[in-house]
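Undergrad: Starting off with a structure, shown below.
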Amino acid sequence: MPTPVFRPSTVRFELDCNLGEVRSLTQEIREFLSLHGASESDARGCELALAEACNNAIKYAKATAREEKIDVDVMCDSKLIELRVNDHTQGFDWPENIELPDADQENGRGLFLINSLMDRVHYYRSPGNNCLVMRKERSVNAASSLEVARQTPDELSRQVIESEKIIRDMAEELSFCYESLSAIFRCSAELGRTNNLEEFASRLLTDLTQITSAEWFVLRLLTRDNQLAVFSASEGLRNLPPLKIFGSEAAVGCMEAEAAITREDAWFDHLSPLTSTDPLHRIQGDTIGLVHPFCLGDTLIGTLTVAKSASTGLFTAVQANVVHTFADFLAIQIVNARYTEDQLSTRLMSRELEIAKAIQRSLLPKSIPSIPGYDLAGFCESAHQVGGDFYDVLKVNDHSLLLIIADVMGKGIPAAMFASILRTLIRAVPEWTSQPATLLSRVNRLLFEELSGVDMFITAQLVYVDSKDRTITAASAGHCPALVCLDRESGVKSLSPDGLPLGILPDTSFSPVSEKLSRNSRLLLYTDGLTEARNPKGEFFGQDRLVDWLGQTIQKEVTAEDLKAELAGQLNNFQSSTALSDDQTFLIMSE
C-alpha cells in the first residue's frame, strides 16, 4: 500500500515500481480530491489520467531504477487540480498533436486519454528523472452547463463518438482478457490431468483462434539442431517442413524464420504479402496474419503464427496482445515440461549407471588366485559414464593361470551386460584355457550375432601363464599390447599378436605369441583408459610413460599390490583434478 505524506491541500505518495500498487494509489488520490470538494467527474478524470501516467512510469522504468520510488504529487485548491508524476524512464518528446490512434496500433491510447481528460499537460525531461505535470480546472456545475451549451452540435457529436470508441475499445479489451483467462485456466486444468503438452497446446491455440477471429495457427518449436519444427497446428497443417534458421541452409524469404532471427513480430497482409516460396503461402495465398517469436529470457523457444483470410479485416492491437499472452504462457509450459523431462531422464540415467556399476563390480574376482613364484593384483576405476572394462584371473591348475582383460565398446548397461556374457563364456570352456587364441576364436563365433546386431564390439586379451615352464602365451582381439619386463638389460617388450576385436567378423583367426620369463620379471595388462588419461593441459598419459614406469620397477623388490598402488598413484597425480573420461583397468604380475 503506498504511503502518503499529507500537507494542507497537498499530498505526496511514494509509489513502488509495481503495477499492482497503482490501483490503490489512484483510489486514495480520488478520495483526497473528493474530500477537498472536487466534483465526481473531476475526481474520476484525474484518477484515470493518473493511472495511465503511473502505469507508463512503471512499465518503461529503466532496469537500474526498478528499486527507486516514483514520486506522485497532488495539489488541489479552489480553482485547480495539479498532478505530478516523477518517473525514472528514458523519457520521450511529448507530441504536439495527439489524436486517437487506429485500432490496429498498440501505442498512443494512453497519451490520448490523458490529453482528453486534463486541461493542460506538460512533460519535462531530465537525465534519470522526468516529470509529467497534468492540470485540470475545477468544474462548477453552472459553468459546466454553460460550457456545454456553448459547444456546437458537431463538437458534441465528435466528443460522444470519441468517448464511445474509447469505451468500446476498453470493453473489447476486457472481454478478450476474460476469454483469454478462461481458456488458459481450462486448458491448464486439463494439462494437470493428462500431462500431454502437445494436446494442451492444440486446445489452447484452438481457443486462441476463436478469441482472435483467426482461421488457423502454426506453432513451431526450436530443436537442438536449430530448426523450427511444427509442434502443433490447425488440422491439415502438421506436415509443414522444418525450417533452418542459421547457417548456409537457413530459410530465405520466410516470415517465420525472419521473426525467429530478429526476435520481432512479423506481419503479413496486402502491403507485405507472403512470398510464393514461403511455406505459409502454400497454406493460403490471400491471407493476413502475425508471426510472433516467443522466448524465455534470452532463449528462443519458437514461433506462433495466427492468420485468416484477407477479406475479414486486419487483426487489432488488442488481438495481437492476446496472441502475445498465449505465446508467453505456452513458453512457460514448454520450458517446464522440458525441465521435468530432463529431470526424469537424469534419474533414469542415474539408475542405469548404478545398475551398470553393480554389474561391473560383480565381474571382478573377489580374490585373485596365485601360483608358486608369482604375485598378482588388479585395479579397476570406473569413470562417471560406466563402460565395459573388466579383468579376471582363472586358475587352470596348481602351476598355471589364465589372465583376462577386456573392454566392451559403449557405455552403461549394454556394455556391462556384454562384459558379463564374455566372462561367462570364457569360464564355460575350461578345456581351452591353455590355448588363448583358440579360446578367442570360439568366443567370437558365439558372440558375433549378438554384437553385430547392436553394432558393438569387444577388445580383449588373454594371457596363459605357466610357472612350471616359466612361459606366457598371449592372444589379443584388437586390445592394447601387453607389456612384459624380463630383466634390466632387455627392457620392456610389447606383446601385440594379430587379431580383430570380437564381433567384427564371424570367423576370425587369432595368432598366439609366447615369451620366456626370467627372474624378477613383470607383466602388465591394461585398457586404453590408462594411455588415454589426460592431465589439465589436455596431454595424454600415453604408452611411453607406461613403458618407462614399468621398466623402472624392475629395480625394486616389491609385491604386485605395491606396484598396483604405485601405478594408481602415478595416474592420479598425472590427471590431477581432471575427471575420468574412460574406465581405467589393469592387471599386474610380478615375480
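Letters A, B, ... mark the chains of the C-alpha cells in the order given; residue numbers begin at 1 per chain; ligand numbers begin at 1, in order shown.
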Check the DSSP output for the backbone and give back, as a ChimeraX atom specification, the residues of range 194-434 of chain A in strand (DSSP E or B).

TA: /A:216-222,227-233,243-244,266-268,287-296,299-309,371,374-381,390-397,400-408

Undergrad: Which parts of range 255-296 of chain A does DSSP call alpha helix (DSSP H) when run on the backbone here, written out as a list in words?

TA: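 Those residues are Met255, Glu256, Ala257, Glu258, Ala259, Ala260, Ile261, Thr262, Pro279, Leu280, His281, Arg282 and Ile283 of chain A.
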
Undergrad: If I take CA of Ile368 in chain A and CA of Arg519 in chain A, how far is one from the other in Å, to one decimal?

TA: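 Between these atoms lies a distance of 21.6 Å.
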
Undergrad: Quick one: residues within 8 Å of range 521-531 of chain A, only C-alpha atoms counted, chain neighbours fewer than 2 positions away excluded, as an MDAnalysis selection string?

TA: chainID A and resid 389 405:407 461 479:487 517:519 533 540:543 546 550 554 571 581:591

Undergrad: Write the selection just made, keeping N, CA and C atoms, as a tab-separated table (two decimals), in the first residue's frame?

TA:
```tsv
chain	number	residue	atom	x	y	z
A	389	ASP	N	34.72	-52.27	-19.07
A	389	ASP	CA	36.02	-52.81	-18.66
A	389	ASP	C	35.84	-53.90	-17.60
A	405	ILE	N	41.68	-59.64	-19.69
A	405	ILE	CA	41.31	-58.23	-19.59
A	405	ILE	C	40.55	-57.86	-20.85
A	406	ALA	N	39.46	-57.06	-20.70
A	406	ALA	CA	38.60	-56.77	-21.85
A	406	ALA	C	37.98	-55.38	-21.70
A	407	ASP	N	37.59	-54.84	-22.85
A	407	ASP	CA	36.94	-53.53	-22.90
A	407	ASP	C	35.83	-53.60	-23.94
A	461	GLN	N	42.17	-59.39	-24.26
A	461	GLN	CA	43.48	-60.03	-24.29
A	461	GLN	C	43.50	-61.15	-23.26
A	479	HIS	N	43.20	-55.66	-28.75
A	479	HIS	CA	43.37	-54.97	-27.48
A	479	HIS	C	44.75	-54.31	-27.39
A	480	CYS	N	44.93	-53.47	-26.35
A	480	CYS	CA	46.22	-52.83	-26.09
A	480	CYS	C	47.28	-53.91	-25.91
A	481	PRO	N	48.52	-53.66	-26.35
A	481	PRO	CA	49.56	-54.68	-26.19
A	481	PRO	C	49.88	-54.93	-24.72
A	482	ALA	N	50.16	-56.19	-24.41
A	482	ALA	CA	50.64	-56.50	-23.05
A	482	ALA	C	52.09	-56.05	-22.95
A	483	LEU	N	52.49	-55.58	-21.79
A	483	LEU	CA	53.86	-55.14	-21.56
A	483	LEU	C	54.54	-56.11	-20.61
A	484	VAL	N	55.72	-56.60	-21.02
A	484	VAL	CA	56.46	-57.54	-20.18
A	484	VAL	C	57.88	-57.04	-20.02
A	485	CYS	N	58.33	-57.02	-18.78
A	485	CYS	CA	59.70	-56.60	-18.47
A	485	CYS	C	60.43	-57.80	-17.91
A	486	LEU	N	61.40	-58.31	-18.68
A	486	LEU	CA	62.06	-59.57	-18.32
A	486	LEU	C	63.23	-59.34	-17.36
A	487	ASP	N	64.05	-58.36	-17.67
A	487	ASP	CA	65.20	-58.05	-16.81
A	487	ASP	C	65.67	-56.65	-17.13
A	517	LEU	N	59.86	-66.26	-19.37
A	517	LEU	CA	60.02	-65.33	-18.25
A	517	LEU	C	61.34	-65.58	-17.56
A	518	SER	N	61.99	-64.48	-17.17
A	518	SER	CA	63.23	-64.58	-16.40
A	518	SER	C	62.92	-64.24	-14.95
A	519	ARG	N	63.94	-64.26	-14.13
A	519	ARG	CA	63.77	-63.94	-12.72
A	519	ARG	C	63.38	-62.47	-12.54
A	533	ALA	N	44.41	-41.36	-20.58
A	533	ALA	CA	44.14	-40.44	-19.47
A	533	ALA	C	44.77	-39.08	-19.78
A	540	PHE	N	48.01	-36.53	-23.09
A	540	PHE	CA	47.75	-37.94	-22.79
A	540	PHE	C	48.85	-38.51	-21.90
A	541	PHE	N	48.46	-39.46	-21.06
A	541	PHE	CA	49.46	-40.20	-20.27
A	541	PHE	C	50.35	-40.99	-21.23
A	542	GLY	N	49.75	-41.66	-22.18
A	542	GLY	CA	50.49	-42.30	-23.27
A	542	GLY	C	51.18	-43.60	-22.88
A	543	GLN	N	51.54	-44.38	-23.90
A	543	GLN	CA	52.18	-45.67	-23.65
A	543	GLN	C	53.63	-45.50	-23.24
A	546	LEU	N	53.92	-45.27	-19.60
A	546	LEU	CA	53.63	-46.58	-19.02
A	546	LEU	C	54.83	-47.51	-19.14
A	550	LEU	N	57.10	-49.03	-15.99
A	550	LEU	CA	57.26	-50.48	-15.79
A	550	LEU	C	58.74	-50.86	-15.81
A	554	ILE	N	61.66	-52.77	-12.34
A	554	ILE	CA	62.46	-53.99	-12.32
A	554	ILE	C	63.58	-53.90	-11.29
A	571	LEU	N	48.92	-42.39	-12.04
A	571	LEU	CA	47.79	-41.94	-12.85
A	571	LEU	C	47.06	-40.79	-12.17
A	581	SER	N	37.54	-39.81	-18.25
A	581	SER	CA	36.70	-39.90	-19.43
A	581	SER	C	36.42	-41.35	-19.82
A	582	ASP	N	37.18	-42.29	-19.23
A	582	ASP	CA	37.01	-43.71	-19.53
A	582	ASP	C	37.46	-44.52	-18.33
A	583	ASP	N	36.96	-45.75	-18.24
A	583	ASP	CA	37.39	-46.64	-17.16
A	583	ASP	C	38.89	-46.89	-17.25
A	584	GLN	N	39.52	-47.09	-16.10
A	584	GLN	CA	40.95	-47.43	-16.06
A	584	GLN	C	41.09	-48.78	-15.36
A	585	THR	N	41.58	-49.77	-16.11
A	585	THR	CA	41.65	-51.14	-15.60
A	585	THR	C	43.01	-51.73	-15.96
A	586	PHE	N	43.62	-52.43	-15.01
A	586	PHE	CA	44.87	-53.13	-15.32
A	586	PHE	C	45.07	-54.33	-14.39
A	587	LEU	N	45.84	-55.28	-14.88
A	587	LEU	CA	46.29	-56.46	-14.13
A	587	LEU	C	47.81	-56.45	-14.15
A	588	ILE	N	48.43	-56.65	-13.00
A	588	ILE	CA	49.89	-56.65	-12.96
A	588	ILE	C	50.38	-57.90	-12.24
A	589	MET	N	51.43	-58.50	-12.81
A	589	MET	CA	52.01	-59.72	-12.23
A	589	MET	C	53.50	-59.49	-12.00
A	590	SER	N	53.99	-59.90	-10.88
A	590	SER	CA	55.42	-59.76	-10.58
A	590	SER	C	55.92	-61.06	-9.97
A	591	GLU	N	57.23	-61.25	-10.11
A	591	GLU	CA	57.86	-62.47	-9.55
A	591	GLU	C	58.67	-62.10	-8.32
```

Undergrad: Distance CA of Arg445 in chain A-CA of Asp507 in chain A, one decimal place?

TA: 6.5 Å

Undergrad: Which neighbours of Ala251 in chain A fall inside 12 Å, counting only C-alpha atoms, when residues of the same chain fewer than 4 positions from it are skipped, and could you give them as a list in words?

TA: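 Here the answer would be Asn226, Gln227, Leu228, Pro241, Pro242, Leu243, Lys244, Ile245, Phe246, Gly247, Met255, Glu256, Ala257, Glu258, Ala259, Ala260, Ile261, Thr277, Asp278 and Pro279 of chain A.
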
Undergrad: Which is closer to Met75 in chain A than all the others in A:Val291, A:Ile413, A:Ile332, A:Val11, using only C-alpha atoms?

TA: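 Looking at the shortest contact to Met75 in chain A, the residue is A:Val11.
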
Undergrad: CA of Val443 in chain A and CA of Leu462 in chain A, how far apart in Å?

TA: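 Taking CA of Leu462 in chain A as the start and CA of Val443 in chain A as the end point, the length is 11.8 Å.
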
Undergrad: Determine the nearest neighbour of Ser34 in chain A from the options A:Leu19, A:Cys76, A:Leu447, A:Val218, counting only C-alpha atoms.

TA: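 Among the listed residues, A:Cys76 lies closest to Ser34 in chain A.
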
Undergrad: Considering only C-alpha atoms, can you say which of A:Thr262, A:Thr473, A:Ser24, A:Ser370 comes closest to Leu300 in chain A?

TA: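 With only C-alpha atoms as the atom set, the closest residue is A:Thr262.
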
Undergrad: What's around Val454 in chain A at 12 Å? Count only C-alpha atoms, leave out sequence neighbours fewer than 2 positions away in its own chain, and write the answer as a list in words.

TA: Met409, Gly410, Pro414, Ala415, Phe418, Leu447, Phe448, Glu449, Glu450, Leu451, Ser452, Met456, Phe457, Gly503 and Ile504 of chain A
